[in-house]
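Comments concern the structure below.
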Amino acid sequence: MSTISMSRIICITLNPTLDLSNDALRVVPTHKVRVRNQRQDVGGGGINVARVIAELGGEAEVAVLSGGASGVIMEEALRALPLHLHTFAMKGAVRIAFMVYEEETNLEYRFVPDGPVVAPLEIEPVFDLIERERADYVVASGSLPRGVPVDSYARMARMTAAGNGRFVLDASGEPLAAAIAEGGIFLFKPSLSELEKLVGHSLDIEAAGAFAADLVRRGAARHVALTLGSDGALLVGPDGMFRMPAITVPVRSAVGAGDSFVGAMVWALSKGQTMREAFRFGLAAGAAAVMTPGTELCRRADILRLYGETCAASHEETATAWLARA
Ligand SMILES: Nc1ncnc2c1ncn2[C@@H]1O[C@H](COP(=O)(O)OP(=O)(O)OP(=O)(O)O)[C@@H](O)[C@H]1O
Ligand SMILES: [Mg+2]
């Protein structure tokens, strides 16, 4: 069994968070809401993707901006994780998100600041890293900080492709639109609402598939994995379209389903799996993520079990061999 991944994967997190999760009986205005069981975690798309890859036994690198006292705490938490860190200093402080789980209703409230303003110069070292390291996969997930150029993901896509790497993008809004306009993305993972914002009107699944196919035809992205929450996901690429329903699991918390999907897909691809197998693996990881409570992402054992179920159900090529290696 090989434990060393031959592929290098760098996950970019330009706007990380320190997540504080708490439990409260009931959230009310005016009065103090007493919270218990405070938990501290690091968040941000790229960090989450890297954690999923590590959970699967892979080796992921994280490029993260850090600053302020919250940055010191975040870095300490990050160092406790099995990730290779590339930390870059910023003047601003890492944002602190606050989550409250309301026990009476089983509802979760999430308060997420937009984060510090970052000077364009402060992210130049991240571009240098991408250019220098020429990783096999560069995964950009999450929002861009305020203040950096809107075409930052587009520039990363261009740089990665120039180094013969594969650029994977899970983003939204203007930074996403700019990257799509630039083209050269290897794998684009939108949700339905992200596609709708991109096209400027609402879409049913059929129209979303047609739009994704158009993106592939135009060379904006080689593959599009459109995730549809409890409706599963749709893969569009040069070989056509492939739709899978979601795997039915008990739902605890949807937090991190998208990042788990991306992490598992990239890990499977880095192990030499086909795009379709990787997609199936992503679907299993997304389902595994909704089974776990709170900010916990997904567990390896759940992913492997759910993945095995999708293989049996579809009667397609069994993946026993590579599961054994996983
Ligand atoms: N309720 C669910 N039951 C089973 N699988 C789910 C469920 N919700 C999500 N998934 C799986 O996880 C994948 C990713 O979820 P989703 O489409 O919600 O991502 P997302 O919108 O990017 O989420 P987020 O960015 O909030 O994490 C889905 O394609 C699906 O396979
Ligand atoms: Mg998402």
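Note on naming: chains are A, B, ... as they come in the structure tokens, residues start from 1 per chain, ligands start from 1 in the order shown.
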All residues having an atom within 12 Å of ligand 2 (only C-alpha atoms and all ligand atoms) as a PyMOL selection string: chain A and resi 44-46+48-49+140-143+169-173+188-195+225-229+254-263+286
Store the residues picked out above, limited to N, CA, C and O atoms, as a compact mmCIF listing (two decimals), in the first residue's frame.
# COMPACT_ATOMS: atom_id res chain seq x y z
N GLY A 44 -13.05 27.88 6.37
CA GLY A 44 -12.63 28.47 5.10
C GLY A 44 -12.57 27.33 4.11
O GLY A 44 -12.10 26.24 4.44
N GLY A 45 -13.09 27.59 2.90
CA GLY A 45 -13.24 26.51 1.92
C GLY A 45 -11.99 25.67 1.71
O GLY A 45 -12.02 24.44 1.83
N GLY A 46 -10.86 26.30 1.42
CA GLY A 46 -9.65 25.56 1.10
C GLY A 46 -9.18 24.70 2.27
O GLY A 46 -8.73 23.56 2.08
N ASN A 48 -11.06 23.44 4.61
CA ASN A 48 -11.99 22.30 4.71
C ASN A 48 -11.67 21.23 3.68
O ASN A 48 -11.67 20.04 3.99
N VAL A 49 -11.42 21.65 2.45
CA VAL A 49 -11.09 20.69 1.39
C VAL A 49 -9.83 19.90 1.78
O VAL A 49 -9.78 18.67 1.67
N ALA A 140 -9.12 26.24 -5.34
CA ALA A 140 -9.50 27.53 -4.79
C ALA A 140 -10.95 27.44 -4.36
O ALA A 140 -11.83 27.16 -5.17
N SER A 141 -11.17 27.60 -3.06
CA SER A 141 -12.52 27.45 -2.55
C SER A 141 -12.79 28.55 -1.54
O SER A 141 -11.97 28.82 -0.67
N GLY A 142 -13.94 29.17 -1.67
CA GLY A 142 -14.34 30.19 -0.72
C GLY A 142 -14.24 31.59 -1.29
O GLY A 142 -13.86 31.79 -2.44
N SER A 143 -14.57 32.56 -0.43
CA SER A 143 -14.66 33.94 -0.91
C SER A 143 -13.27 34.57 -1.02
O SER A 143 -12.32 34.13 -0.39
N LEU A 169 -12.18 24.94 -8.92
CA LEU A 169 -12.77 26.17 -8.39
C LEU A 169 -14.15 25.95 -7.79
O LEU A 169 -15.04 25.39 -8.42
N ASP A 170 -14.30 26.41 -6.54
CA ASP A 170 -15.60 26.44 -5.87
C ASP A 170 -15.74 27.83 -5.29
O ASP A 170 -15.25 28.11 -4.20
N ALA A 171 -16.34 28.72 -6.05
CA ALA A 171 -16.44 30.11 -5.64
C ALA A 171 -17.77 30.66 -6.09
O ALA A 171 -18.59 29.95 -6.68
N SER A 172 -18.01 31.94 -5.83
CA SER A 172 -19.28 32.53 -6.24
C SER A 172 -19.08 33.99 -6.64
O SER A 172 -17.99 34.55 -6.49
N GLY A 173 -20.14 34.56 -7.14
CA GLY A 173 -20.17 36.00 -7.43
C GLY A 173 -19.19 36.44 -8.50
O GLY A 173 -18.87 35.70 -9.44
N PHE A 188 -14.96 22.75 -12.20
CA PHE A 188 -15.75 23.83 -11.59
C PHE A 188 -16.89 23.18 -10.84
O PHE A 188 -17.60 22.35 -11.39
N LYS A 189 -17.03 23.54 -9.53
CA LYS A 189 -18.10 22.94 -8.74
C LYS A 189 -19.08 24.00 -8.23
O LYS A 189 -18.94 24.54 -7.15
N PRO A 190 -20.07 24.30 -9.04
CA PRO A 190 -21.09 25.24 -8.58
C PRO A 190 -22.24 24.53 -7.87
O PRO A 190 -22.43 23.32 -8.02
N SER A 191 -22.98 25.30 -7.10
CA SER A 191 -24.31 24.87 -6.67
C SER A 191 -25.29 25.48 -7.67
O SER A 191 -24.91 26.31 -8.50
N LEU A 192 -26.55 25.10 -7.58
CA LEU A 192 -27.53 25.63 -8.53
C LEU A 192 -27.62 27.16 -8.40
O LEU A 192 -27.64 27.88 -9.41
N SER A 193 -27.63 27.67 -7.17
CA SER A 193 -27.78 29.13 -7.01
C SER A 193 -26.55 29.87 -7.53
O SER A 193 -26.66 30.99 -8.03
N GLU A 194 -25.37 29.25 -7.43
CA GLU A 194 -24.18 29.90 -7.98
C GLU A 194 -24.25 29.96 -9.51
O GLU A 194 -23.87 30.97 -10.11
N LEU A 195 -24.77 28.91 -10.12
CA LEU A 195 -24.95 28.94 -11.59
C LEU A 195 -25.98 29.99 -11.98
O LEU A 195 -25.81 30.69 -12.99
N ALA A 225 -19.04 19.97 -12.10
CA ALA A 225 -19.79 19.12 -11.18
C ALA A 225 -20.78 20.01 -10.45
O ALA A 225 -20.42 20.75 -9.54
N LEU A 226 -22.01 19.98 -10.93
CA LEU A 226 -23.06 20.81 -10.35
C LEU A 226 -23.69 20.03 -9.19
O LEU A 226 -24.27 18.96 -9.41
N THR A 227 -23.57 20.55 -7.98
CA THR A 227 -24.16 19.82 -6.84
C THR A 227 -25.52 20.43 -6.51
O THR A 227 -25.73 21.63 -6.59
N LEU A 228 -26.45 19.54 -6.15
CA LEU A 228 -27.86 19.92 -6.00
C LEU A 228 -28.39 19.54 -4.62
O LEU A 228 -29.57 19.20 -4.49
N GLY A 229 -27.54 19.57 -3.61
CA GLY A 229 -27.97 19.24 -2.25
C GLY A 229 -28.61 17.86 -2.20
O GLY A 229 -28.04 16.89 -2.69
N ALA A 254 -25.82 20.18 7.37
CA ALA A 254 -25.35 20.25 5.98
C ALA A 254 -24.03 21.01 5.87
O ALA A 254 -23.47 21.12 4.78
N VAL A 255 -23.50 21.51 6.98
CA VAL A 255 -22.26 22.29 6.93
C VAL A 255 -21.15 21.44 6.32
O VAL A 255 -20.88 20.33 6.77
N GLY A 256 -20.52 21.98 5.28
CA GLY A 256 -19.34 21.32 4.72
C GLY A 256 -19.63 20.27 3.66
O GLY A 256 -18.70 19.60 3.21
N ALA A 257 -20.87 20.13 3.23
CA ALA A 257 -21.16 19.12 2.19
C ALA A 257 -20.42 19.44 0.89
O ALA A 257 -19.82 18.56 0.28
N GLY A 258 -20.45 20.71 0.51
CA GLY A 258 -19.80 21.12 -0.73
C GLY A 258 -18.29 20.91 -0.66
O GLY A 258 -17.67 20.38 -1.60
N ASP A 259 -17.68 21.32 0.44
CA ASP A 259 -16.22 21.16 0.58
C ASP A 259 -15.84 19.68 0.65
O ASP A 259 -14.79 19.27 0.14
N SER A 260 -16.67 18.87 1.29
CA SER A 260 -16.39 17.44 1.38
C SER A 260 -16.46 16.82 -0.02
O SER A 260 -15.65 15.97 -0.38
N PHE A 261 -17.46 17.25 -0.78
CA PHE A 261 -17.61 16.79 -2.16
C PHE A 261 -16.34 17.10 -2.95
O PHE A 261 -15.77 16.22 -3.61
N VAL A 262 -15.88 18.34 -2.88
CA VAL A 262 -14.69 18.76 -3.64
C VAL A 262 -13.44 18.01 -3.16
O VAL A 262 -12.67 17.49 -3.97
N GLY A 263 -13.27 17.92 -1.84
CA GLY A 263 -12.08 17.26 -1.30
C GLY A 263 -12.00 15.80 -1.74
O GLY A 263 -10.94 15.34 -2.19
N GLY A 286 -20.19 13.97 0.21
CA GLY A 286 -21.21 14.97 0.52
C GLY A 286 -22.27 14.39 1.44
O GLY A 286 -22.69 15.03 2.41
Contact residues around range 123-127 of chain A with only C-alpha atoms at 7 Å, ignoring same-chain residues under 3 positions, as a PyMOL selection string: chain A and resi 63+120+130-131+156
Could those residues be written to a file, using N, CA and C atoms, as a compact mmCIF listing (two decimals), in the first residue's frame?
# COMPACT_ATOMS: atom_id res chain seq x y z
N ALA A 63 -2.56 26.94 1.58
CA ALA A 63 -2.01 28.29 1.53
C ALA A 63 -3.04 29.21 2.16
N PRO A 120 -3.87 44.21 -2.26
CA PRO A 120 -3.48 43.32 -3.36
C PRO A 120 -2.07 42.74 -3.18
N ILE A 130 2.06 29.43 -6.16
CA ILE A 130 1.44 28.64 -7.24
C ILE A 130 2.38 28.52 -8.42
N GLU A 131 3.00 29.64 -8.77
CA GLU A 131 3.90 29.67 -9.92
C GLU A 131 5.14 28.80 -9.67
N MET A 156 -5.16 32.82 -10.96
CA MET A 156 -4.69 31.53 -10.44
C MET A 156 -4.95 30.41 -11.43
Residue contacts of Gln40 in chain A (7 Å, only C-alpha atoms) excluding same-chain residues fewer than 2 positions away, as a VMD selection string: chain A and resid 19 to 21 38
What would the file look like if the residues just selected were written as a CSV table (one decimal), in the first residue's frame with N, CA and C atoms?
chain,number,residue,atom,x,y,z
A,19,ASP,N,-13.9,29.7,13.7
A,19,ASP,CA,-15.3,29.4,14.0
A,19,ASP,C,-15.5,29.1,15.5
A,20,LEU,N,-16.4,29.9,16.1
A,20,LEU,CA,-16.7,29.5,17.5
A,20,LEU,C,-18.2,29.0,17.5
A,21,SER,N,-18.3,27.8,17.9
A,21,SER,CA,-19.7,27.1,17.9
A,21,SER,C,-20.1,27.0,19.3
A,38,GLN,N,-18.6,25.8,24.3
A,38,GLN,CA,-18.0,26.6,23.2
A,38,GLN,C,-16.9,25.7,22.5
Within 6 Å of His223 in chain A using only C-alpha atoms, minus same-chain residues under 4 positions, as an MDAnalysis selection string: chainID A and resid 187 236:237
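Here the question is which of A:Asp151, A:Glu61, A:Asp114, A:Glu108 gets nearest to Ala181 in chain A using only C-alpha atoms, and that residue is A:Asp151.
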Selected residue, from A:Arg79, A:Arg300, A:Arg166, A:Arg158, that lies nearest to Ala135 in chain A when counting only C-alpha atoms: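 Residue with the minimum atom-to-atom distance to Ala135 in chain A: A:Arg166.
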Per-residue DSSP, range 157-323 of chain A, filtered to strand (DSSP E), as an MDAnalysis selection string: chainID A and resid 166:170 185:188 221:227 233:237 240:244
Residues near Leu107 in chain A, cut-off 12 Å, only C-alpha atoms, skip fewer than 4 positions along chain, as number ranges by chain: A: 23-27, 99-103, 252-254, 294
From A:Ser230, A:Ser152, A:Thr292, A:Ser270, residue lying nearest ligand 1 [only C-alpha atoms and all ligand atoms]: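 Residue with the minimum atom-to-atom distance to ligand 1: A:Ser230.
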A:Arg222, A:Arg243, A:Gly308, A:Val290 ranked by distance to Arg276 in chain A, top pick (using only C-alpha atoms): A:Arg243
Given only C-alpha atoms and all ligand atoms as the counted atoms, nearest of A:Glu309, A:Asp231, A:Glu277, A:Asp239 to ligand 1: A:Asp231
Within 9 Å of range 87-91 of chain A using only C-alpha atoms, minus same-chain residues under 5 positions, as a list of chain:residue names: A:Val62, A:Ala63, A:Val64, A:Leu65, A:Ser66, A:Gly67, A:Gly68, A:Glu75, A:Pro116, A:Val117, A:Val118, A:Ala119, A:Glu122, A:Ile123, A:Pro125, A:Val126
Saved selection, atoms kept: N, CA and C atoms, as a JSON list (two decimals), in the first residue's frame:
[["chain", "number", "residue", "atom", "x", "y", "z"],
["A", 62, "VAL", "N", -1.96, 23.63, 2.43],
["A", 62, "VAL", "CA", -2.88, 24.75, 2.56],
["A", 62, "VAL", "C", -2.10, 26.05, 2.45],
["A", 63, "ALA", "N", -2.56, 26.94, 1.58],
["A", 63, "ALA", "CA", -2.01, 28.29, 1.53],
["A", 63, "ALA", "C", -3.04, 29.21, 2.16],
["A", 64, "VAL", "N", -2.66, 29.87, 3.24],
["A", 64, "VAL", "CA", -3.65, 30.63, 4.00],
["A", 64, "VAL", "C", -3.07, 31.99, 4.41],
["A", 65, "LEU", "N", -3.93, 33.00, 4.39],
["A", 65, "LEU", "CA", -3.54, 34.32, 4.90],
["A", 65, "LEU", "C", -3.86, 34.36, 6.39],
["A", 66, "SER", "N", -2.98, 34.95, 7.15],
["A", 66, "SER", "CA", -3.21, 35.00, 8.60],
["A", 66, "SER", "C", -2.73, 36.33, 9.15],
["A", 67, "GLY", "N", -3.46, 36.83, 10.15],
["A", 67, "GLY", "CA", -3.06, 38.08, 10.80],
["A", 67, "GLY", "C", -3.86, 38.31, 12.07],
["A", 68, "GLY", "N", -3.34, 39.20, 12.90],
["A", 68, "GLY", "CA", -4.03, 39.56, 14.14],
["A", 68, "GLY", "C", -3.96, 38.46, 15.19],
["A", 75, "GLU", "N", -3.64, 29.73, 13.58],
["A", 75, "GLU", "CA", -2.43, 29.00, 13.18],
["A", 75, "GLU", "C", -2.12, 27.87, 14.15],
["A", 116, "PRO", "N", -11.35, 40.88, 6.93],
["A", 116, "PRO", "CA", -10.56, 42.11, 6.79],
["A", 116, "PRO", "C", -10.39, 42.52, 5.33],
["A", 117, "VAL", "N", -10.07, 43.80, 5.15],
["A", 117, "VAL", "CA", -9.67, 44.27, 3.83],
["A", 117, "VAL", "C", -8.20, 43.87, 3.63],
["A", 118, "VAL", "N", -7.93, 43.26, 2.50],
["A", 118, "VAL", "CA", -6.58, 42.76, 2.23],
["A", 118, "VAL", "C", -6.02, 43.56, 1.04],
["A", 119, "ALA", "N", -4.79, 44.02, 1.20],
["A", 119, "ALA", "CA", -4.15, 44.77, 0.10],
["A", 119, "ALA", "C", -3.73, 43.80, -1.00],
["A", 122, "GLU", "N", -0.63, 41.86, -0.56],
["A", 122, "GLU", "CA", -0.56, 40.82, 0.46],
["A", 122, "GLU", "C", -0.86, 39.42, -0.08],
["A", 123, "ILE", "N", -1.50, 39.34, -1.24],
["A", 123, "ILE", "CA", -1.74, 38.00, -1.79],
["A", 123, "ILE", "C", -0.74, 37.63, -2.88],
["A", 125, "PRO", "N", 2.38, 36.78, -2.57],
["A", 125, "PRO", "CA", 3.13, 35.56, -2.24],
["A", 125, "PRO", "C", 2.36, 34.27, -2.55],
["A", 126, "VAL", "N", 1.02, 34.34, -2.56],
["A", 126, "VAL", "CA", 0.23, 33.15, -2.90],
["A", 126, "VAL", "C", 0.40, 32.84, -4.40]]
A:Thr13, A:Ser7, A:Thr248, A:Thr295 ranked by distance to ligand 1, top pick (using only C-alpha atoms and all ligand atoms):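 That would be A:Thr248, the residue with the smallest distance to ligand 1.
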